[in-house]
Number of protein chains: 2
Amino acid sequence: MSVIEELAGELTRLPGIGPKTAYRLVYHLMKGPPDDARRLARAIDRVVERVRACGRCGNFTEQALCEVCANPRRDASVVCVVEEATDVAAVERTGGYGGLYHVLGGRLSPLDGVGPEQLNIESLLERIRSASGAVREVIVATSASVEGEATAIYLEKRIRPLGPRVTRLARGIPVGSELEYVDGSTIAEALAGRREM
Amino acid sequence: MSVIEELAGELTRLPGIGPKTAYRLVYHLMKGPPDDARRLARAIDRVVERVRACGRCGNFTEQALCEVCANPRRDASVVCVVEEATDVAAVERTGGYGGLYHVLGGRLSPLDGVGPEQLNIESLLERIRSASGAVREVIVATSASVEGEATAIYLEKRIRPLGPRVTRLARGIPVGSELEYVDGSTIAEALAGRREM
C-alpha cells in the first residue's frame with residue numbers, strides 16, 4: 001500500500017469523509033507547501049497530547065478544569081447534563097446559557113453494553129451531593145432519541161431525591177422549519193407543549 | 001488560541017471543510033483512541049516526506065518514476081496531457097486508457113501570472129523530441145474552461161510541428177444527464193460533434 005493510499009485510508013475513518021473526499025484532501029496536501037501539511041500533523045499531535053477531560057465536568061480542556069468550570073461568573077446553581085463534550089460546545093455557541101455542565105460520555109444503551117456504570121453518572125450525583133443544596137436545577141439535555149429519553153428518565157429518578165429541580169429541553173418545531181417537512185412525532189410534541197401567545 | 005482552535009483552523013484550510021466540519025473532525029479525533037489520531041498525523045508526515053513528482057511525467061510517486069511511466073506495458077506512443085496529477089488519477093480510474101501522461105502543473109492564466117514558463121511545457125516538448133517520432137499522438141485533456149481551452153490551443157501550436165497528432169477530449173452530454181439540466185453551450189458542442197448511430 002502506498003503512503004497516499006494509507007493517508008486516504010486514515011482520512012476515510014473520519015466522520016463524513018468518503019474515499020473521494022479523502023483523495024481530494026490527500027492531493028490537496030501533496031500539492032500545497034509541505035509546511036502546511038506538517039503544521040496540520042503537528043496540530044493533531046498537540047491536540048492528542050494536551051486535550052483531556054475536565055476534572056469536574058468532563059468537558060474538553062487543556063487545564064485541570066475547563067473554561068466553563070474555571071469561570072467564577074458562571075452560575076453554579078444550574079448544571080446542564082449532556083451526552084458528549086461536543087454538546088457543550090453546541091450549547092455554548094448559543095451564548096444563552098450561564099450555568100455549568102456535566103458530560104455523561106454517552107447515553108444508556110443496554111444493547112451496546114452501556115449501563116449507568118459506563119457513564120459519568122456517579123460523579124454527577126457526587127457533585128450534587130457535595131454542593132449541599134447549592135445545585136438547584138439540573139437540565140437534562142440528552143439527545144431526543146429512545147436511548148437519550150431512557151437516559152433522561154434514569155437521571156431524573158436518581159437526581160430528584162437529592163433535591164434539585166430536574167428539567168429537560170423543550171420539544172417542538174425547530175426554528176426556520178416549514179411544518180410540511182417536520183415529522184409527525186415532533187409536531188405531536190409541539191402540540192402537547194403549546195404555549196399561550 | 002487553544003490547541004483545539006488551532007487544529008480546527010488548520011482543517012478549515014482544506015478544501016470543502018468549513019468551521020463546523022472542522023470542529024466535528026477535531027471532536028472525533030479527541031473522542032477516539034489517541035493512537036488513531038497519531039496514525040493520521042504520521043500518515044500526513046509520510047506523504048509529505050515520500051511523495052514527489054515523477055521525473056518524467058510529473059505524476060505523484062514515491063519512486064523516481066511513477067507507476068504509469070515505470071510500467072513497460074503502457075503504450076508509449078500516446079501521451080495524455082493533464083493539468084494536475086489528480087487528473088491522472090481520474091483518467092486511470094476509468095480503466096480505459098493505456099498510454100502515458102504529462103502533468104502541466106496548472107493551466108495558462110496570464111491574469112494570475114501563469115505563462116508557458118510556469119507550466120511543464122518545455123519538458124513535454126523535449127519528451128516528444130527525444131522520442132524521435134515514437135510519440136504518435138498527444139491527447140490534450142486540459143479542463144473545459146476558458147483557460148483550459150487557451151492552454152490546449154497553445155499546446156496544439158507547439159506540438160504539431162514536432163510530428164504527433166494532437167487530439168482533445170470529446171465535448172458532449174455527460175453520461176446520465178437529462179438534457180433539461182445540461183447547459184446550452186454543452187448542448188451546442190454535443191450537436192456540433194454529433195455522430196452517426
# chains A, B, ... in the order shown; residues from 1 in each chain; ligands from 1

$ residues_around --residues "Gly172 (chain A)" --least-positions-apart "4" --cutoff "9 Å" --atoms "only C-alpha atoms" --output "count of residues only"
8

$ calpha_fit_and_write --fixed "chain A" --moving "chain B" --output "compact mmCIF listing (two decimals) with C-alpha atoms, in the first residue's frame"
# COMPACT_ATOMS: atom_id res chain seq x y z
CA MET B 1 0.18 -0.05 0.12
CA SER B 2 1.57 3.33 -0.90
CA VAL B 3 1.80 6.17 1.60
CA ILE B 4 -0.88 7.94 -0.43
CA GLU B 5 -3.32 5.05 -0.02
CA GLU B 6 -2.35 4.82 3.63
CA LEU B 7 -3.19 8.47 4.31
CA ALA B 8 -6.40 8.22 2.29
CA GLY B 9 -7.31 5.19 4.40
CA GLU B 10 -6.72 7.08 7.65
CA LEU B 11 -8.82 9.99 6.41
CA THR B 12 -11.78 7.78 5.49
CA ARG B 13 -11.95 6.77 9.16
CA LEU B 14 -13.07 10.32 9.93
CA PRO B 15 -16.81 11.09 9.95
CA GLY B 16 -18.25 12.32 6.67
CA ILE B 17 -15.11 11.58 4.66
CA GLY B 18 -15.49 8.98 1.94
CA PRO B 19 -12.77 7.66 -0.39
CA LYS B 20 -13.27 10.43 -2.97
CA THR B 21 -13.01 13.23 -0.43
CA ALA B 22 -10.05 11.49 1.19
CA TYR B 23 -8.10 11.42 -2.06
CA ARG B 24 -9.00 15.05 -2.76
CA LEU B 25 -7.57 15.97 0.64
CA VAL B 26 -4.43 13.86 0.10
CA TYR B 27 -3.81 15.50 -3.27
CA HIS B 28 -4.39 18.91 -1.75
CA LEU B 29 -1.79 18.19 0.93
CA MET B 30 0.70 16.91 -1.65
CA LYS B 31 0.22 19.89 -3.97
CA GLY B 32 0.52 22.54 -1.29
CA PRO B 33 3.65 23.62 0.58
CA PRO B 34 5.00 20.70 2.67
CA ASP B 35 4.99 22.99 5.72
CA ASP B 36 1.20 23.33 5.53
CA ALA B 37 0.80 19.55 5.75
CA ARG B 38 3.37 19.31 8.54
CA ARG B 39 1.58 22.02 10.49
CA LEU B 40 -1.63 20.00 10.27
CA ALA B 41 0.17 16.87 11.50
CA ARG B 42 1.70 18.83 14.40
CA ALA B 43 -1.70 20.34 15.31
CA ILE B 44 -3.19 16.82 15.51
CA ASP B 45 -0.30 15.69 17.74
CA ARG B 46 -0.72 18.66 20.05
CA VAL B 47 -4.46 18.08 20.47
CA VAL B 48 -3.82 14.44 21.35
CA GLU B 49 -1.08 15.37 23.82
CA ARG B 50 -2.73 18.29 25.55
CA VAL B 51 -6.51 17.95 25.45
CA ARG B 52 -8.06 16.00 28.31
CA ALA B 53 -11.35 15.78 30.18
CA CYS B 54 -12.16 18.53 32.71
CA GLY B 55 -11.74 17.07 36.19
CA ARG B 56 -15.15 18.31 37.24
CA CYS B 57 -17.52 18.17 34.27
CA GLY B 58 -15.77 16.08 31.62
CA ASN B 59 -15.68 18.85 28.99
CA PHE B 60 -12.56 19.06 26.79
CA THR B 61 -9.80 21.25 28.20
CA GLU B 62 -6.05 21.78 28.27
CA GLN B 63 -6.16 22.63 32.00
CA ALA B 64 -7.25 20.74 35.10
CA LEU B 65 -10.64 22.48 34.86
CA CYS B 66 -12.37 23.54 31.63
CA GLU B 67 -13.08 27.19 30.77
CA VAL B 68 -16.66 26.94 31.96
CA CYS B 69 -15.87 25.35 35.33
CA ALA B 70 -12.96 27.74 35.88
CA ASN B 71 -15.12 30.82 35.21
CA PRO B 72 -16.34 32.24 38.57
CA ARG B 73 -19.12 34.17 36.80
CA ARG B 74 -20.91 31.01 35.70
CA ASP B 75 -24.01 30.16 37.71
CA ALA B 76 -23.06 27.10 39.78
CA SER B 77 -26.68 26.50 40.81
CA VAL B 78 -27.60 25.11 37.39
CA VAL B 79 -25.97 22.06 35.78
CA CYS B 80 -26.76 21.08 32.19
CA VAL B 81 -26.21 17.35 31.58
CA VAL B 82 -25.13 16.47 28.03
CA GLU B 83 -24.03 13.27 26.34
CA GLU B 84 -20.81 14.45 24.76
CA ALA B 85 -18.33 17.31 25.10
CA THR B 86 -19.33 18.37 21.59
CA ASP B 87 -22.77 19.12 23.01
CA VAL B 88 -21.19 21.57 25.44
CA ALA B 89 -19.78 23.47 22.45
CA ALA B 90 -23.22 23.42 20.78
CA VAL B 91 -24.94 24.91 23.85
CA GLU B 92 -22.12 27.42 24.42
CA ARG B 93 -22.46 28.68 20.84
CA THR B 94 -26.01 29.82 21.60
CA GLY B 95 -24.57 32.28 24.11
CA GLY B 96 -27.77 31.87 26.09
CA TYR B 97 -26.68 29.60 28.92
CA GLY B 98 -24.80 30.78 32.00
CA GLY B 99 -24.68 27.62 34.13
CA LEU B 100 -22.27 24.70 34.36
CA TYR B 101 -22.20 21.36 32.53
CA HIS B 102 -21.77 17.67 33.14
CA VAL B 103 -20.68 15.37 30.30
CA LEU B 104 -22.02 11.81 30.56
CA GLY B 105 -19.75 10.40 27.88
CA GLY B 106 -22.65 8.73 26.04
CA ARG B 107 -26.16 7.53 26.76
CA LEU B 108 -27.70 4.40 28.20
CA SER B 109 -27.77 1.68 25.58
CA PRO B 110 -28.01 -1.81 27.10
CA LEU B 111 -27.75 -3.47 23.69
CA ASP B 112 -24.32 -1.87 23.22
CA GLY B 113 -23.30 -2.74 26.76
CA VAL B 114 -23.62 0.84 28.02
CA GLY B 115 -25.17 0.81 31.48
CA PRO B 116 -25.12 3.50 34.18
CA GLU B 117 -21.63 2.39 35.30
CA GLN B 118 -20.21 3.15 31.85
CA LEU B 119 -21.37 6.78 32.04
CA ASN B 120 -20.23 9.64 34.29
CA ILE B 121 -23.37 9.42 36.40
CA GLU B 122 -21.87 8.71 39.83
CA SER B 123 -19.61 11.76 39.49
CA LEU B 124 -22.69 13.86 38.68
CA LEU B 125 -24.57 12.60 41.75
CA GLU B 126 -21.47 13.19 43.87
CA ARG B 127 -21.18 16.75 42.50
CA ILE B 128 -24.78 17.44 43.52
CA ARG B 129 -24.39 15.86 46.96
CA SER B 130 -21.13 17.61 47.80
CA ALA B 131 -22.61 20.98 46.76
CA SER B 132 -25.05 20.46 49.70
CA GLY B 133 -28.04 22.15 48.09
CA ALA B 134 -26.17 24.71 45.99
CA VAL B 135 -27.22 22.89 42.79
CA ARG B 136 -30.84 23.94 42.46
CA GLU B 137 -31.58 22.77 38.92
CA VAL B 138 -30.30 20.02 36.65
CA ILE B 139 -31.23 20.47 32.98
CA VAL B 140 -31.16 17.09 31.23
CA ALA B 141 -30.10 17.79 27.63
CA THR B 142 -29.61 14.24 26.37
CA SER B 143 -30.53 13.61 22.74
CA ALA B 144 -34.10 13.24 21.54
CA SER B 145 -33.67 9.54 20.70
CA VAL B 146 -35.06 6.50 22.48
CA GLU B 147 -31.76 5.98 24.33
CA GLY B 148 -31.51 9.68 25.15
CA GLU B 149 -35.02 9.53 26.61
CA ALA B 150 -34.22 6.45 28.66
CA THR B 151 -31.09 8.14 29.97
CA ALA B 152 -33.10 11.24 30.92
CA ILE B 153 -35.68 9.18 32.80
CA TYR B 154 -32.95 7.27 34.66
CA LEU B 155 -31.19 10.50 35.60
CA GLU B 156 -34.41 12.09 36.80
CA LYS B 157 -35.02 9.14 39.17
CA ARG B 158 -31.51 9.36 40.61
CA ILE B 159 -31.27 13.16 40.86
CA ARG B 160 -34.66 14.21 42.23
CA PRO B 161 -34.16 12.52 45.66
CA LEU B 162 -31.03 14.67 46.09
CA GLY B 163 -33.03 17.91 45.98
CA PRO B 164 -32.58 19.79 42.68
CA ARG B 165 -35.33 20.46 40.18
CA VAL B 166 -34.85 18.26 37.16
CA THR B 167 -35.86 19.85 33.85
CA ARG B 168 -35.37 18.95 30.23
CA LEU B 169 -35.12 20.79 26.93
CA ALA B 170 -38.42 21.75 25.28
CA ARG B 171 -39.60 19.69 22.32
CA GLY B 172 -41.17 21.44 19.37
CA ILE B 173 -40.86 22.80 15.89
CA PRO B 174 -37.25 23.75 15.06
CA VAL B 175 -36.81 27.44 14.28
CA GLY B 176 -37.08 28.10 10.55
CA SER B 177 -38.88 24.83 9.78
CA GLU B 178 -41.96 24.64 7.61
CA LEU B 179 -44.65 22.55 9.28
CA GLU B 180 -45.03 20.48 6.12
CA TYR B 181 -41.55 19.02 6.54
CA VAL B 182 -41.63 18.41 10.29
CA ASP B 183 -42.24 14.80 11.32
CA GLY B 184 -45.45 13.84 13.06
CA SER B 185 -44.06 13.04 16.49
CA THR B 186 -42.36 16.43 16.66
CA ILE B 187 -45.65 18.14 15.78
CA ALA B 188 -47.41 16.04 18.44
CA GLU B 189 -44.83 17.14 21.03
CA ALA B 190 -45.18 20.76 19.90
CA LEU B 191 -48.98 20.56 20.27
CA ALA B 192 -48.72 19.00 23.72
CA GLY B 193 -46.26 21.69 24.79
CA ARG B 194 -48.16 24.63 23.21
CA ARG B 195 -47.94 27.93 25.01
CA GLU B 196 -50.18 30.99 25.50
CA MET B 197 -49.25 33.83 23.12

$ select_by_dssp --residues "region 27-171 of chain A" --states "strand (DSSP E or B)" --output "list in words"
Arg52, Ala53, Phe60, Thr61, Asp75, Ala76, Ser77, Val78, Val79, Cys80, Val81, Val82, Gly99, Leu100, Tyr101, His102, Val103, Ser109, Val114, Glu137, Val138, Ile139, Val140, Arg165, Val166, Thr167 and Arg168 of chain A
